[in-house]
Amino acid sequence: MNFDAIIIGGGPGGYVCAIKLAHYGKKVALVEKENLGGTCTNWGCIPTKALLTATHLLDEAKEKADKLGIKLSIEGFDLSKIMAHASKSIMMSRKGIEYLMKKNNVTVIKGTAEVVNKNKVRIKETGEELEGSNLVLAHGSVPTIFPPFSQVEGIWTSNDVFLMKELPSSLLIVGGGVIGVEFATFFSSLGVKVKIVELADHILPYEDDDVVVEIKKSFARRGVEIKEKTKVEDVKKVADGYEVVVIDSEGKTETVVVDRVLVAIGRRPNIPDDVKNLGVEIERGIKTDKRMRTNIEGVYAIGDVRGQIMLAHVAMYEGVVAAKNIAGIEAEMDYSAVPSIIFTNPEIASTGLREKDVDKDKVKISKFPLSANGRARTMLENIGFVKIIADKETETVLGMSIVSPVATELIMEGVIAVRNKLKAHELEESIHPHPTLSESVLGALEGITGLPIHL
């Protein structure tokens with residue numbers, strides 16, 4: 001069978017690319033060896049948010065009901081039902097993607113794709129061969145695990161959490177990045193004794209120090225223990241779980257025994273030998289230009305397989321850009337305003353420049369605390385802030401960081417501002433609704449243009 005494009009991988013990058021190409025009237029084949037939706041739908045974004053929605057409700061009920069005059073007696077939780085909610089969320093997302101494939105006449109082939117050459121792909125299980133004018137590599141990523149963890153039976157990666165039948169009594173999370181802190185939020189809400197071990201100077205190493213200080217307050221309330229500048233020296237299975245030896249930056253060792261160990265040190269690009277043999281240039285991941293083109297004409301790469309910004313929403317837009325270029329529409333990726341979102345409690349979101357990356361003499365930095373926001377007070381929320389970084393001369397918004405309930409939604413104002421090089425006064429002069437959390441963004445903007453009214 002002959003196609004305008006063959007896409008390998010049905011994750012956020014691959015399936016969005018397929019739909020967009022179909023919109024442009026192209027004949028598309030999508031090959032996926034497991035389930036449509038990739039890591040995001042099946043093992044990542046969707047199930048983690050489903051789990052965190054359950055524990056967020058539990059936290060709200062425990063922490064706020066009495067103060068708000070609501071009489072509740074909380075018996076506890078049913079783990080099997082929480083996990084069932086995650087499974088249902090996965091299934092609905094998957095079915096939605098399957099429907100979109102049918103609606104857009106994309107040929108979906110379930111099987112393992114083997115690249116024969118840039119215009120031919122063989123399905124391993126059936127031997128069927130597909131021919132295409134263009135090839136899109138969207139193979140995704142796999143959880144990173146290495147010695148000593150890979151040599152010890154029963155060590156969890158993020159994928160294993162979604163298969164658990166019972167809750168551990170204690171959990172050591174190796175890695176304090178996005179995956180690590182989201183799982184720490186989930187498990188600590190359910191009463192699991194959680195310890196995070198992070199090698200870098202602080203958890204969430206890509207975020208600013210003040211963001212991390214704020215979220216640590218929340219973790220302290222939950223009893224989460226955080227060990228930074230610390231690495232795992234050794235781990236072994238013992239009768240009552242796992243014995244883990246950790247060592248800090250000063251060489252001091254500590255041995256802890258926990259029920260379970262979860263390795264959350266990120267993911268690595270999934271680049272099989274047939275792709276390597278194709279001759280694409282690889283630097284950590286498959287190297288592309290801003291049009292998503294590899295060094296081989298007609299071969300594109302999108303999403304986690306590139307080993308760059310491993311986020312579903314980035315993969316999706318890379319899929320759109322690849323589709324446009326395949327369809328003859330010139331388009332380039334713009335990574336200037338990628339939102340980073342973390343579903344802790346409160347949430348964390350940021351876009352554009354971080355404070356740690358700027359020359360303080362060339363920018364204005366304004367911070368508005370959530371405690372000064374009327375809506376936050378009605379919600380009994382006092383941890384968090386909005387921080388805006390703007391150019392000192394022009395007051396163009398260069399970056400925004402938010403720690404707040406629904407920060408993951410609020411950040412979109414920052415994304416639009418940074419992407420479109422808007423000035424602080426342009427946003428400030430847009431009337432923000434009252435009383436809302438978005439007024440914290442307004443307060444931070446006022447700090448750039450003059451003085452905040454409510455501070």
# chains A, B, ... in the order shown; residues from 1 in each chain; ligands from 1
$ residues_around --residues "A:Ile389" --least-positions-apart "6" --cutoff "6 Å" --atoms "only C-alpha atoms" --output "VMD selection string"
chain A and resid 364 to 365 398 to 399
$ write_last_selection --atoms "N, CA and C atoms" --output "mmCIF file, in the first residue's frame"
data_model
loop_
_atom_site.group_PDB
_atom_site.id
_atom_site.type_symbol
_atom_site.label_atom_id
_atom_site.label_comp_id
_atom_site.auth_asym_id
_atom_site.auth_seq_id
_atom_site.Cartn_x
_atom_site.Cartn_y
_atom_site.Cartn_z
ATOM 1 N N LYS A 364 13.016 43.438 34.959
ATOM 2 C CA LYS A 364 12.225 43.765 36.144
ATOM 3 C C LYS A 364 11.572 42.465 36.584
ATOM 4 N N ILE A 365 11.580 42.208 37.897
ATOM 5 C CA ILE A 365 10.934 40.999 38.421
ATOM 6 C C ILE A 365 9.902 41.425 39.449
ATOM 7 N N LEU A 398 8.773 38.406 29.594
ATOM 8 C CA LEU A 398 9.752 37.394 29.147
ATOM 9 C C LEU A 398 9.534 36.037 29.811
ATOM 10 N N GLY A 399 8.882 36.046 30.973
ATOM 11 C CA GLY A 399 8.678 34.774 31.675
ATOM 12 C C GLY A 399 7.662 34.924 32.786
#
$ select_by_dssp --residues "stretch 213-278 of chain A" --states "strand (DSSP E or B)" --output "PyMOL selection string"
chain A and resi 225-227+230-238+241-248+253-258+260-263+267-269
$ closest_residue --among "A:Asn104, A:Ala331, A:Arg222, A:Ala29" --to "A:Asp59" --atoms "only C-alpha atoms"
A:Arg222
$ closest_atom_pairs --of "stretch 162-198 of chain A" --to "stretch 249-258 of chain A" --cutoff "10 Å" --atoms "only C-alpha atoms" --output "tab-separated table"
residue	atom	partner	partner_atom	distance
A:Pro168	CA	A:Val258	CA	8.7
A:Ser169	CA	A:Val258	CA	7.9
A:Ser170	CA	A:Val258	CA	5.3
A:Leu171	CA	A:Val258	CA	5.8
A:Leu172	CA	A:Val258	CA	6.6
A:Lys193	CA	A:Val258	CA	9.0
A:Val194	CA	A:Val258	CA	9.2
A:Lys195	CA	A:Val258	CA	9.3
$ write_last_selection --atoms "N, CA and C atoms" --output "compact mmCIF listing (two decimals), in the first residue's frame"
# COMPACT_ATOMS: atom_id res chain seq x y z
N PRO A 168 1.81 0.73 49.18
CA PRO A 168 2.96 0.47 50.07
C PRO A 168 2.79 1.29 51.36
N SER A 169 3.39 0.82 52.44
CA SER A 169 3.32 1.61 53.69
C SER A 169 4.34 2.74 53.67
N SER A 170 5.46 2.51 52.99
CA SER A 170 6.49 3.55 52.85
C SER A 170 7.09 3.45 51.46
N LEU A 171 7.54 4.59 50.94
CA LEU A 171 8.02 4.66 49.56
C LEU A 171 9.20 5.61 49.46
N LEU A 172 10.28 5.13 48.84
CA LEU A 172 11.40 6.00 48.53
C LEU A 172 11.35 6.30 47.04
N LYS A 193 4.19 6.91 53.86
CA LYS A 193 5.37 7.67 54.30
C LYS A 193 6.33 7.78 53.12
N VAL A 194 6.51 9.02 52.61
CA VAL A 194 7.27 9.22 51.37
C VAL A 194 8.58 9.96 51.65
N LYS A 195 9.64 9.44 51.01
CA LYS A 195 10.94 10.11 51.06
C LYS A 195 11.42 10.30 49.63
$ closest_residue --among "A:Leu137, A:Ile74, A:Val213, A:Leu130" --to "A:Asp304" --atoms "only C-alpha atoms"
A:Leu137
$ closest_atom_pairs --of "stretch 209-304 of chain A" --to "stretch 314-326 of chain A" --cutoff "9 Å" --atoms "only C-alpha atoms" --output "JSON lines"
{"residue": "A:Lys290", "atom": "CA", "partner": "A:Val321", "partner_atom": "CA", "distance": 8.6}
{"residue": "A:Arg291", "atom": "CA", "partner": "A:Ala322", "partner_atom": "CA", "distance": 6.2}
{"residue": "A:Met292", "atom": "CA", "partner": "A:Ala322", "partner_atom": "CA", "distance": 5.6}
{"residue": "A:Arg293", "atom": "CA", "partner": "A:Ala322", "partner_atom": "CA", "distance": 7.6}
{"residue": "A:Gly298", "atom": "CA", "partner": "A:Ile326", "partner_atom": "CA", "distance": 8.0}
{"residue": "A:Tyr300", "atom": "CA", "partner": "A:Ala322", "partner_atom": "CA", "distance": 6.8}
{"residue": "A:Ala301", "atom": "CA", "partner": "A:Ala322", "partner_atom": "CA", "distance": 8.0}
{"residue": "A:Ile302", "atom": "CA", "partner": "A:Glu318", "partner_atom": "CA", "distance": 5.6}
{"residue": "A:Gly303", "atom": "CA", "partner": "A:Ala315", "partner_atom": "CA", "distance": 4.0}
{"residue": "A:Asp304", "atom": "CA", "partner": "A:Ala315", "partner_atom": "CA", "distance": 7.0}
$ select_by_dssp --residues "stretch 42-77 of chain A" --states "helix (DSSP H, G or I)" --output "list in words"
Asn42, Trp43, Cys45, Ile46, Pro47, Thr48, Lys49, Ala50, Leu51, Leu52, Thr53, Ala54, Thr55, His56, Leu57, Leu58, Asp59, Glu60, Ala61, Lys62, Glu63 and Lys64 of chain A
$ write_last_selection --atoms "N, CA and C atoms" --output "mmCIF file, in the first residue's frame"
data_model
loop_
_atom_site.group_PDB
_atom_site.id
_atom_site.type_symbol
_atom_site.label_atom_id
_atom_site.label_comp_id
_atom_site.auth_asym_id
_atom_site.auth_seq_id
_atom_site.Cartn_x
_atom_site.Cartn_y
_atom_site.Cartn_z
ATOM 1 N N ASN A 42 -1.666 6.410 28.156
ATOM 2 C CA ASN A 42 -1.705 5.088 28.780
ATOM 3 C C ASN A 42 -0.872 4.941 30.052
ATOM 4 N N TRP A 43 0.226 5.725 30.151
ATOM 5 C CA TRP A 43 1.141 5.546 31.282
ATOM 6 C C TRP A 43 1.607 6.853 31.902
ATOM 7 N N CYS A 45 0.412 11.301 31.457
ATOM 8 C CA CYS A 45 -0.437 12.466 31.780
ATOM 9 C C CYS A 45 -1.824 12.075 32.273
ATOM 10 N N ILE A 46 -2.532 11.280 31.520
ATOM 11 C CA ILE A 46 -3.942 11.011 31.831
ATOM 12 C C ILE A 46 -4.105 10.212 33.126
ATOM 13 N N PRO A 47 -3.455 9.042 33.277
ATOM 14 C CA PRO A 47 -3.659 8.305 34.535
ATOM 15 C C PRO A 47 -3.141 9.031 35.773
ATOM 16 N N THR A 48 -2.010 9.753 35.667
ATOM 17 C CA THR A 48 -1.513 10.456 36.867
ATOM 18 C C THR A 48 -2.496 11.530 37.287
ATOM 19 N N LYS A 49 -3.061 12.263 36.325
ATOM 20 C CA LYS A 49 -4.022 13.313 36.685
ATOM 21 C C LYS A 49 -5.302 12.709 37.241
ATOM 22 N N ALA A 50 -5.684 11.543 36.761
ATOM 23 C CA ALA A 50 -6.863 10.860 37.317
ATOM 24 C C ALA A 50 -6.620 10.503 38.783
ATOM 25 N N LEU A 51 -5.439 9.956 39.079
ATOM 26 C CA LEU A 51 -5.095 9.600 40.466
ATOM 27 C C LEU A 51 -5.045 10.855 41.339
ATOM 28 N N LEU A 52 -4.424 11.912 40.816
ATOM 29 C CA LEU A 52 -4.265 13.144 41.601
ATOM 30 C C LEU A 52 -5.595 13.867 41.813
ATOM 31 N N THR A 53 -6.534 13.691 40.894
ATOM 32 C CA THR A 53 -7.866 14.277 41.092
ATOM 33 C C THR A 53 -8.536 13.644 42.306
ATOM 34 N N ALA A 54 -8.364 12.328 42.452
ATOM 35 C CA ALA A 54 -8.937 11.620 43.601
ATOM 36 C C ALA A 54 -8.315 12.103 44.913
ATOM 37 N N THR A 55 -6.986 12.182 44.945
ATOM 38 C CA THR A 55 -6.335 12.568 46.200
ATOM 39 C C THR A 55 -6.525 14.051 46.499
ATOM 40 N N HIS A 56 -6.695 14.869 45.467
ATOM 41 C CA HIS A 56 -6.945 16.292 45.692
ATOM 42 C C HIS A 56 -8.293 16.467 46.415
ATOM 43 N N LEU A 57 -9.285 15.705 45.981
ATOM 44 C CA LEU A 57 -10.591 15.754 46.641
ATOM 45 C C LEU A 57 -10.479 15.310 48.103
ATOM 46 N N LEU A 58 -9.698 14.259 48.333
ATOM 47 C CA LEU A 58 -9.488 13.758 49.694
ATOM 48 C C LEU A 58 -8.809 14.830 50.559
ATOM 49 N N ASP A 59 -7.771 15.477 50.018
ATOM 50 C CA ASP A 59 -7.070 16.542 50.746
ATOM 51 C C ASP A 59 -8.012 17.695 51.083
ATOM 52 N N GLU A 60 -8.805 18.112 50.089
ATOM 53 C CA GLU A 60 -9.738 19.224 50.290
ATOM 54 C C GLU A 60 -10.718 18.901 51.421
ATOM 55 N N ALA A 61 -11.245 17.683 51.369
ATOM 56 C CA ALA A 61 -12.222 17.280 52.387
ATOM 57 C C ALA A 61 -11.590 17.255 53.776
ATOM 58 N N LYS A 62 -10.396 16.685 53.862
ATOM 59 C CA LYS A 62 -9.716 16.565 55.164
ATOM 60 C C LYS A 62 -9.319 17.928 55.726
ATOM 61 N N GLU A 63 -8.784 18.775 54.857
ATOM 62 C CA GLU A 63 -8.166 20.012 55.326
ATOM 63 C C GLU A 63 -9.135 21.190 55.449
ATOM 64 N N LYS A 64 -10.210 21.179 54.647
ATOM 65 C CA LYS A 64 -11.034 22.380 54.568
ATOM 66 C C LYS A 64 -12.474 22.233 55.061
#
$ atom_distance --atom1 "atom CA of A:Ile453" --atom2 "atom CA of A:Glu439"
10.9 Å
$ atom_distance --atom1 "atom CA of A:Ile90" --atom2 "atom CA of A:Pro12"
13.5 Å
